[in-house]
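Data file: data-v3.csv. Format and content: CSV, C-alpha atoms.
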```csv
chain,number,residue,atom,x,y,z
T,5,MET,CA,11.8,-6.3,31.5
T,6,LEU,CA,14.6,-7.8,29.4
T,7,ILE,CA,13.2,-10.2,26.8
T,8,THR,CA,15.3,-13.3,26.1
T,9,VAL,CA,14.8,-16.3,23.9
T,10,THR,CA,14.7,-18.5,27.0
T,11,GLU,CA,11.9,-16.4,28.5
T,12,ILE,CA,9.8,-16.6,25.3
T,13,GLN,CA,10.3,-20.3,25.1
T,14,HIS,CA,9.1,-20.7,28.7
T,15,ILE,CA,6.0,-18.6,27.9
T,16,PHE,CA,5.4,-20.6,24.7
T,17,THR,CA,5.6,-23.9,26.4
T,18,LYS,CA,3.3,-22.8,29.2
T,19,TYR,CA,0.5,-21.5,26.9
T,20,ASN,CA,1.0,-24.2,24.3
T,21,ASP,CA,-0.1,-26.7,27.0
T,22,LEU,CA,-2.8,-24.5,28.4
T,23,CYS,CA,-4.4,-23.1,25.3
T,24,PHE,CA,-3.3,-25.3,22.3
T,25,ASP,CA,-3.2,-28.8,23.9
T,26,GLY,CA,0.6,-28.9,23.4
T,27,LYS,CA,0.2,-29.4,19.7
T,28,LEU,CA,2.4,-26.5,18.4
T,29,PRO,CA,6.0,-27.4,17.7
T,30,MET,CA,8.5,-24.9,19.1
T,31,PRO,CA,9.3,-22.5,16.3
T,32,ARG,CA,12.5,-20.4,16.0
T,33,ILE,CA,12.4,-17.5,18.4
T,34,ARG,CA,14.1,-14.2,17.4
T,35,ILE,CA,14.6,-11.1,19.4
T,36,GLY,CA,15.3,-7.7,17.8
T,37,ASN,CA,15.0,-4.0,18.2
T,38,ALA,CA,12.2,-3.2,15.7
T,39,LYS,CA,9.9,-0.3,16.3
T,40,GLY,CA,7.1,-1.5,14.1
T,41,TYR,CA,5.7,-4.4,16.2
T,42,LEU,CA,5.7,-6.0,19.6
T,43,GLY,CA,5.5,-9.5,18.2
T,44,GLN,CA,5.3,-11.0,14.7
T,45,LEU,CA,4.8,-14.4,13.1
T,46,ARG,CA,6.9,-15.1,10.0
T,47,TYR,CA,6.7,-18.0,7.6
T,48,LYS,CA,7.2,-19.2,4.0
T,49,VAL,CA,4.2,-19.4,1.8
T,50,LYS,CA,3.8,-22.0,-1.1
T,51,LYS,CA,1.0,-21.9,-3.6
T,52,GLU,CA,-0.1,-25.4,-4.5
T,53,LYS,CA,-1.4,-26.5,-7.9
T,54,ASN,CA,-5.0,-26.4,-6.7
T,55,GLY,CA,-4.5,-22.7,-5.6
T,56,ARG,CA,-4.4,-23.5,-1.9
T,57,LEU,CA,-1.7,-21.8,0.2
T,58,THR,CA,0.5,-23.8,2.6
T,59,TYR,CA,2.8,-22.4,5.2
T,60,SER,CA,6.1,-23.6,6.6
T,61,ASP,CA,9.4,-22.5,8.2
T,62,PHE,CA,7.7,-20.6,11.1
T,63,SER,CA,9.5,-18.1,13.4
T,64,LEU,CA,8.2,-15.9,16.2
T,65,ASN,CA,9.8,-12.5,16.3
T,66,PHE,CA,9.7,-10.1,19.2
T,67,THR,CA,11.2,-6.7,19.9
T,68,GLN,CA,13.0,-5.5,23.0
T,69,LYS,CA,12.6,-1.9,22.0
T,70,TYR,CA,9.8,-1.4,24.6
T,71,ASP,CA,9.6,-2.1,28.3
T,72,LEU,CA,6.7,-4.6,28.7
T,73,SER,CA,5.3,-6.0,31.9
T,74,GLN,CA,5.3,-9.8,32.3
T,75,GLN,CA,1.6,-9.9,31.7
T,76,LYS,CA,1.8,-7.8,28.6
T,77,LEU,CA,4.6,-9.9,27.2
T,78,GLU,CA,2.6,-13.1,27.8
T,79,ASP,CA,-0.4,-11.6,26.0
T,80,VAL,CA,1.8,-10.6,23.0
T,81,VAL,CA,3.3,-14.1,22.8
T,82,VAL,CA,-0.1,-15.8,22.9
T,83,HIS,CA,-1.4,-13.4,20.3
T,84,GLU,CA,1.3,-14.6,17.9
T,85,MET,CA,0.7,-18.2,18.9
T,86,ILE,CA,-2.9,-17.8,17.7
T,87,HIS,CA,-1.6,-16.7,14.3
T,88,TYR,CA,0.9,-19.6,14.4
T,89,TYR,CA,-1.9,-22.2,15.2
T,90,ILE,CA,-4.1,-20.9,12.4
T,91,HIS,CA,-1.3,-21.0,9.8
T,92,TYR,CA,0.3,-24.2,11.1
T,93,ASN,CA,-3.0,-26.0,10.7
T,94,ASN,CA,-3.7,-24.3,7.4
T,95,ILE,CA,-7.0,-22.9,8.7
T,96,GLN,CA,-8.7,-20.4,6.3
T,97,ASP,CA,-9.6,-17.2,8.1
T,98,THR,CA,-11.5,-14.1,6.7
T,99,SER,CA,-8.5,-11.8,7.3
T,100,ALA,CA,-5.3,-11.5,9.4
T,101,HIS,CA,-7.5,-10.9,12.5
T,102,GLY,CA,-10.7,-12.4,11.1
T,103,ALA,CA,-13.5,-14.5,12.6
T,104,VAL,CA,-11.3,-17.5,13.5
T,105,PHE,CA,-8.6,-15.4,15.1
T,106,ARG,CA,-11.1,-13.4,17.1
T,107,LYS,CA,-13.0,-16.4,18.3
T,108,MET,CA,-9.8,-18.1,19.6
T,109,MET,CA,-8.6,-14.8,21.2
T,110,ASN,CA,-11.9,-14.3,23.0
T,111,ASP,CA,-12.1,-17.9,24.2
T,112,ILE,CA,-8.5,-17.7,25.6
T,113,ASN,CA,-9.2,-14.3,27.2
T,114,THR,CA,-12.4,-15.7,28.9
T,115,ARG,CA,-10.9,-19.1,30.0
T,116,PHE,CA,-7.5,-17.9,31.2
T,117,LYS,CA,-8.3,-14.3,32.1
T,118,ARG,CA,-5.9,-12.9,29.6
T,119,HIS,CA,-6.1,-9.4,27.9
T,120,ILE,CA,-5.1,-10.2,24.4
T,121,THR,CA,-6.1,-7.6,21.8
T,122,ILE,CA,-6.1,-7.1,18.1
T,123,SER,CA,-3.8,-4.0,18.2
T,124,ASP,CA,-2.5,-2.2,21.3
T,125,ARG,CA,-0.4,1.0,21.4
T,126,SER,CA,-0.6,1.3,25.1
T,127,ALA,CA,2.7,-0.5,25.6
T,128,LEU,CA,4.5,2.1,23.5
T,129,THR,CA,5.6,5.1,25.6
T,130,VAL,CA,5.4,8.6,24.1
T,131,ASN,CA,9.2,8.8,24.2
T,132,GLU,CA,9.4,5.8,21.9
T,133,ILE,CA,7.1,7.2,19.2
T,134,ASN,CA,8.7,9.9,17.1
T,135,GLN,CA,6.3,12.8,17.2
T,136,GLN,CA,8.1,14.9,14.6
T,137,THR,CA,6.1,15.7,11.5
T,138,LYS,CA,7.3,13.5,8.7
T,139,LEU,CA,5.8,12.7,5.3
T,140,TYR,CA,5.4,9.0,4.8
T,141,LEU,CA,4.8,7.2,1.5
T,142,VAL,CA,2.6,4.3,2.4
T,143,CYS,CA,1.7,1.3,0.3
T,144,VAL,CA,-1.3,-0.9,1.4
T,145,ALA,CA,-1.9,-4.2,-0.4
T,146,SER,CA,-4.9,-6.5,-0.1
T,147,LEU,CA,-3.6,-10.0,-0.7
T,148,LYS,CA,-5.4,-13.0,-2.1
T,149,SER,CA,-4.7,-14.8,1.2
T,150,GLY,CA,-7.1,-12.3,2.9
T,151,GLU,CA,-4.2,-10.6,4.7
T,152,THR,CA,-3.2,-6.9,4.5
T,153,GLY,CA,0.4,-5.9,3.7
T,154,VAL,CA,1.9,-2.5,4.4
T,155,ALA,CA,5.2,-0.9,3.3
T,156,VAL,CA,6.5,2.5,4.2
T,157,CYS,CA,8.7,3.2,1.2
T,158,ALA,CA,11.7,5.3,0.5
T,159,ARG,CA,10.5,7.9,-2.0
T,160,SER,CA,13.6,7.5,-4.1
T,161,ARG,CA,12.6,3.8,-4.8
T,162,ALA,CA,8.9,4.4,-5.2
T,163,PHE,CA,8.7,3.4,-8.9
T,164,GLU,CA,10.9,0.2,-8.5
T,165,ILE,CA,8.7,-0.9,-5.5
T,166,PHE,CA,5.5,0.0,-7.4
T,167,ASP,CA,6.5,-2.3,-10.3
T,168,GLU,CA,8.0,-5.1,-8.2
T,169,LEU,CA,5.3,-5.7,-5.6
T,170,PRO,CA,2.7,-7.3,-8.0
T,171,ARG,CA,5.5,-9.7,-9.2
T,172,ARG,CA,6.4,-10.7,-5.7
T,173,TYR,CA,3.0,-11.1,-4.0
T,174,ASP,CA,-0.5,-12.3,-5.0
T,175,ILE,CA,-2.1,-8.9,-4.8
T,176,VAL,CA,-5.8,-8.2,-5.3
T,177,LYS,CA,-5.6,-4.4,-4.8
T,178,LEU,CA,-2.8,-1.9,-4.2
T,179,ASN,CA,-3.2,1.6,-2.8
T,180,TRP,CA,-0.6,4.3,-2.2
T,181,TYR,CA,-0.9,7.3,0.2
T,182,PHE,CA,1.0,10.3,1.6
T,183,THR,CA,0.4,10.8,5.3
T,184,THR,CA,2.0,12.6,8.2
T,185,ASP,CA,0.5,10.3,10.9
T,186,PRO,CA,3.4,9.4,13.3
T,187,PHE,CA,1.8,5.9,13.6
T,188,PHE,CA,3.8,4.9,10.5
T,189,ASN,CA,7.1,5.7,12.1
T,190,ARG,CA,6.9,2.3,13.7
T,191,PHE,CA,7.3,0.7,10.2
T,192,LYS,CA,10.9,0.5,9.0
T,193,ARG,CA,11.3,2.5,5.8
T,194,THR,CA,12.0,0.0,3.0
T,195,ASN,CA,14.1,0.3,-0.1
T,196,THR,CA,12.8,-3.0,-1.5
T,197,ALA,CA,9.4,-4.5,-2.4
T,198,LYS,CA,8.7,-6.0,1.0
T,199,LEU,CA,5.3,-6.0,2.7
T,200,PHE,CA,4.7,-6.3,6.5
T,201,ARG,CA,1.5,-7.9,7.9
T,202,ALA,CA,-0.9,-5.4,9.5
T,203,ASP,CA,-4.4,-5.2,10.8
T,204,ARG,CA,-6.6,-3.6,8.1
T,205,GLU,CA,-9.0,-1.8,10.5
T,206,ASN,CA,-6.1,-0.2,12.3
T,207,ILE,CA,-4.3,0.9,9.1
T,208,ASN,CA,-7.5,2.3,7.7
T,209,ARG,CA,-8.0,4.3,10.9
T,210,HIS,CA,-4.6,5.9,10.6
T,211,LEU,CA,-5.1,6.6,6.9
T,212,ALA,CA,-8.4,8.5,7.4
T,213,THR,CA,-6.7,11.9,6.7
T,214,ALA,CA,-4.1,10.6,4.2
T,215,THR,CA,-3.9,11.7,0.6
T,216,GLU,CA,-4.5,8.8,-1.8
T,217,LEU,CA,-2.0,8.7,-4.7
T,218,GLU,CA,-2.1,7.5,-8.3
T,219,ARG,CA,0.6,6.8,-10.9
T,220,GLU,CA,0.6,8.1,-14.5
T,221,GLY,CA,3.7,7.1,-16.3
T,222,HIS,CA,6.7,8.4,-14.3
T,223,VAL,CA,4.6,10.6,-12.1
T,224,ILE,CA,3.0,9.7,-8.8
T,225,ARG,CA,0.5,12.4,-7.7
T,226,PRO,CA,-2.6,12.9,-5.6
T,227,LYS,CA,-5.5,10.9,-7.0
T,228,LYS,CA,-8.1,13.0,-8.9
T,229,GLN,CA,-11.4,13.1,-7.1
T,230,ILE,CA,-14.4,12.3,-9.3
T,231,LYS,CA,-17.2,14.8,-8.6
T,232,ASP,CA,-20.8,13.6,-8.8
T,233,ARG,CA,-22.7,15.1,-11.7
T,234,GLN,CA,-25.8,17.0,-10.7
```

Would you put the structure from the file into structure tokens?
Amino acid sequence: MLITVTEIQHIFTKYNDLCFDGKLPMPRIRIGNAKGYLGQLRYKVKKEKNGRLTYSDFSLNFTQKYDLSQQKLEDVVVHEMIHYYIHYNNIQDTSAHGAVFRKMMNDINTRFKRHITISDRSALTVNEINQQTKLYLVCVASLKSGETGVAVCARSRAFEIFDELPRRYDIVKLNWYFTTDPFFNRFKRTNTAKLFRADRENINRHLATATELEREGHVIRPKKQIKDRQ
């Protein structure tokens, strides 16, 4: 089906009343052609003097790259509305899809017979997923907010991105990988230090056979494995 801003606004209004007591202001709605997600919440983050993070300038972003049924589209919209509710109310969760998110998702699924999931590839047809073997340079960041950020980086800009990411984000841990998993084709290859929100469990699953990397000076190479001494 063709996704329009008007259709998303209609779904938002319907489920805002049903699931969120009509308390969510209508955010900006954007429609694009991204391959990396079905829906996405975007916002600005400000770190207060007490260290607490506050969120503003919300937008809900959706892709028309894939042919979704009406039911699936509604599930995607409500999924992003849960993220919106948590951030709009500055509720602290354990991760991007942590305990708070999962409880709200399960409650909505039960009460309104929805089928919202954490991550779902079923909507992406095989034709839409590039199955050619490619080598992806993947950066995975654990953020102080509890969220996970991912970047599939252009190899020609690896060192610049490596240096810039810690300056741009509050990062607890940063890991780099080489992988041929076509899952990462859905992330737009970036030339800048820009992270995209992702589900940690899903990312870890697709990095199970990846090669972890390390940097020494001007060389990025496979990480040395420390063997247990007998």

Please list as a PDB file with C-alpha atoms, in the frame of the given file every residue within 8 Å of Met109 of chain T, counting all atoms listed in the file and excluding residues in the same chain fewer than 4 positions away.
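Printed below is result_35.pdb as written:
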```
ATOM      1  CA  HIS T  83      -1.400 -13.400  20.300  1.00  0.00           C
ATOM      2  CA  ILE T  86      -2.900 -17.800  17.700  1.00  0.00           C
ATOM      3  CA  PHE T 105      -8.600 -15.400  15.100  1.00  0.00           C
ATOM      4  CA  ASN T 113      -9.200 -14.300  27.200  1.00  0.00           C
ATOM      5  CA  ILE T 120      -5.100 -10.200  24.400  1.00  0.00           C
ATOM      6  CA  THR T 121      -6.100  -7.600  21.800  1.00  0.00           C
TER       7      THR T 121
END
```

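Between atom CA of Arg46 of chain T and atom CA of Glu216 of chain T there is a distance of 29.0 Å.
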
Would you compute the distance between atom CA of Glu218 of chain T and atom CA of Ser149 of chain T? Give it in Å to one decimal.
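Value for the atom CA of Glu218 of chain T-atom CA of Ser149 of chain T distance: 24.4 Å.
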
Taking a cut-off of 12 Å and counting only C-alpha atoms, can you build a table that, for each residue of segment 25-69 of chain T near segment 159-181 of chain T, reports the nearest atom pair and how far apart they are in Å (one decimal), sorted by chain then residue number, as CSV?
```
residue,atom,partner,partner_atom,distance
T:Val49,CA,T:Tyr173,CA,10.2
T:Lys50,CA,T:Asp174,CA,11.3
T:Lys51,CA,T:Asp174,CA,9.8
T:Gly55,CA,T:Asp174,CA,11.2
T:Leu57,CA,T:Asp174,CA,10.9
```

Between atom CA of Leu6 of chain T and atom CA of Asp203 of chain T, what is the distance in Å, rounded to a tenth?
26.7 Å

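Nearest to Ala155 of chain T of all the residues T:Pro226, T:Gly40, T:Gly221, T:Gly102 is T:Gly40, counting all atoms listed in the file.
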
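Using all atoms listed in the file for every distance, the candidate list T:Ala38, T:Ala212, T:Val156, T:Ile207 yields T:Val156 as the residue closest to Asn195 of chain T.
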
Between T:Ser146, T:Pro29, T:Leu42, T:Arg56, which has the minimum distance to Phe16 of chain T (counting all atoms listed in the file)?
T:Pro29

For Gly153 of chain T, the nearest of the candidates T:Leu77, T:Val82, T:Ala202, T:Leu45, counting only C-alpha atoms
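Result for the nearest residue to Gly153 of chain T: T:Ala202.
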
Within 7 Å of Pro31 of chain T, counting only C-alpha atoms, which residues qualify if same-chain residues fewer than 4 places away don't, as a short mmCIF file (atom, residue, chain, number, x, y, z; two decimals) with C-alpha atoms, in the coordinates of the input?
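Here's the written file selection-v6.cif:
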```
data_model
loop_
_atom_site.label_atom_id
_atom_site.label_comp_id
_atom_site.auth_asym_id
_atom_site.auth_seq_id
_atom_site.Cartn_x
_atom_site.Cartn_y
_atom_site.Cartn_z
CA PHE T 62 7.70 -20.60 11.10
CA SER T 63 9.50 -18.10 13.40
CA LEU T 64 8.20 -15.90 16.20
#
```

Taking 2 positions as the minimum chain separation for residues in the same chain, which residues sit within 12 Å of Asn65 of chain T when counting all atoms listed in the file? Answer as a PyMOL selection string.
chain T and resi 7-9+12-13+31-38+40-47+62-63+67-68+80-81+83-85+88

Nearest residue to Val104 of chain T out of T:Ile90, T:Leu147, T:Ala158, T:Val142, using only C-alpha atoms?
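Answer, going by the shortest atom-to-atom distance: T:Ile90.
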
Box for segment 75-83 of chain T - axis-aligned, 6 Å on each of the six sides, all listed atoms - centre and size in Å to one decimal, as lines of an AutoDock Vina configuration file.
```
center_x = 1.6
center_y = -11.8
center_z = 26.0
size_x = 18.0
size_y = 20.0
size_z = 23.4
```

Please, which residues are within 9 Å of (-5.1, -4.6, 10.3) by the file's coordinates, counting only C-alpha atoms, and could they come as a list in words?
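Residues with an atom at most 9 Å from (-5.1, -4.6, 10.3): Ser99, Ala100, His101, Ile122, Ser123, Glu151, Thr152, Gly153, Arg201, Ala202, Asp203, Arg204, Glu205, Asn206, Ile207 and Asn208 of chain T.
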
Determine the nearest neighbour of Leu22 of chain T from the options T:His210, T:Lys39, T:Lys76, T:Arg115, counting all atoms listed in the file.
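Of the candidates, the smallest distance to Leu22 of chain T is held by T:Arg115.
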
Atoms added to segment 177-199 of chain T (N, CA, C and O atoms), reported as a short mmCIF file (atom, residue, chain, number, x, y, z; two decimals), keeping the file's coordinate frame:
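As written to disk, rebuild.cif reads:
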```
data_model
loop_
_atom_site.label_atom_id
_atom_site.label_comp_id
_atom_site.auth_asym_id
_atom_site.auth_seq_id
_atom_site.Cartn_x
_atom_site.Cartn_y
_atom_site.Cartn_z
N LYS T 177 -5.50 -5.86 -4.62
CA LYS T 177 -5.60 -4.40 -4.80
C LYS T 177 -4.46 -3.73 -4.09
O LYS T 177 -3.99 -4.16 -3.04
N LEU T 178 -3.98 -2.64 -4.72
CA LEU T 178 -2.80 -1.90 -4.20
C LEU T 178 -3.16 -0.44 -4.16
O LEU T 178 -3.63 0.13 -5.15
N ASN T 179 -2.97 0.19 -2.99
CA ASN T 179 -3.20 1.60 -2.80
C ASN T 179 -2.01 2.31 -2.24
O ASN T 179 -1.31 1.73 -1.39
N TRP T 180 -1.76 3.53 -2.69
CA TRP T 180 -0.60 4.30 -2.20
C TRP T 180 -1.14 5.62 -1.58
O TRP T 180 -2.12 6.21 -2.05
N TYR T 181 -0.43 6.07 -0.53
CA TYR T 181 -0.90 7.30 0.20
C TYR T 181 0.35 8.09 0.64
O TYR T 181 1.45 7.55 0.86
N PHE T 182 0.12 9.39 0.82
CA PHE T 182 1.00 10.30 1.60
C PHE T 182 0.30 10.58 2.88
O PHE T 182 -0.90 10.91 2.90
N THR T 183 1.01 10.48 3.99
CA THR T 183 0.40 10.80 5.30
C THR T 183 1.50 11.33 6.23
O THR T 183 2.69 11.01 6.06
N THR T 184 1.09 12.13 7.20
CA THR T 184 2.00 12.60 8.20
C THR T 184 1.71 11.98 9.58
O THR T 184 2.28 12.39 10.60
N ASP T 185 0.85 10.97 9.60
CA ASP T 185 0.50 10.30 10.90
C ASP T 185 1.73 9.62 11.44
O ASP T 185 2.29 8.72 10.80
N PRO T 186 2.18 9.99 12.67
CA PRO T 186 3.40 9.40 13.30
C PRO T 186 3.25 7.90 13.54
O PRO T 186 4.25 7.23 13.84
N PHE T 187 2.04 7.36 13.45
CA PHE T 187 1.80 5.90 13.60
C PHE T 187 2.77 5.14 12.67
O PHE T 187 3.30 4.08 13.03
N PHE T 188 2.99 5.66 11.47
CA PHE T 188 3.80 4.90 10.50
C PHE T 188 5.26 4.98 10.70
O PHE T 188 6.02 4.33 9.99
N ASN T 189 5.67 5.71 11.73
CA ASN T 189 7.10 5.70 12.10
C ASN T 189 7.52 4.36 12.65
O ASN T 189 8.71 4.03 12.67
N ARG T 190 6.55 3.56 13.11
CA ARG T 190 6.90 2.30 13.70
C ARG T 190 7.24 1.23 12.60
O ARG T 190 7.76 0.16 12.91
N PHE T 191 6.95 1.54 11.33
CA PHE T 191 7.30 0.70 10.20
C PHE T 191 8.68 1.09 9.70
O PHE T 191 8.89 2.26 9.40
N LYS T 192 9.58 0.15 9.56
CA LYS T 192 10.90 0.50 9.00
C LYS T 192 10.75 0.86 7.55
O LYS T 192 10.13 0.18 6.75
N ARG T 193 11.32 2.02 7.20
CA ARG T 193 11.30 2.50 5.80
C ARG T 193 12.05 1.53 4.93
O ARG T 193 13.20 1.22 5.21
N THR T 194 11.42 1.06 3.85
CA THR T 194 12.00 0.00 3.00
C THR T 194 12.47 0.53 1.69
O THR T 194 11.82 1.41 1.09
N ASN T 195 13.58 0.00 1.21
CA ASN T 195 14.10 0.30 -0.10
C ASN T 195 13.74 -0.80 -1.13
O ASN T 195 14.11 -0.70 -2.29
N THR T 196 13.08 -1.85 -0.65
CA THR T 196 12.80 -3.00 -1.50
C THR T 196 11.27 -3.30 -1.45
O THR T 196 10.54 -2.76 -0.62
N ALA T 197 10.82 -4.16 -2.36
CA ALA T 197 9.40 -4.50 -2.40
C ALA T 197 9.08 -5.55 -1.36
O ALA T 197 8.94 -6.75 -1.63
N LYS T 198 8.95 -5.10 -0.13
CA LYS T 198 8.70 -6.00 1.00
C LYS T 198 7.51 -5.47 1.79
O LYS T 198 7.47 -4.31 2.19
N LEU T 199 6.54 -6.35 2.00
CA LEU T 199 5.30 -6.00 2.70
C LEU T 199 5.41 -6.57 4.16
O LEU T 199 5.97 -7.63 4.39
#
```
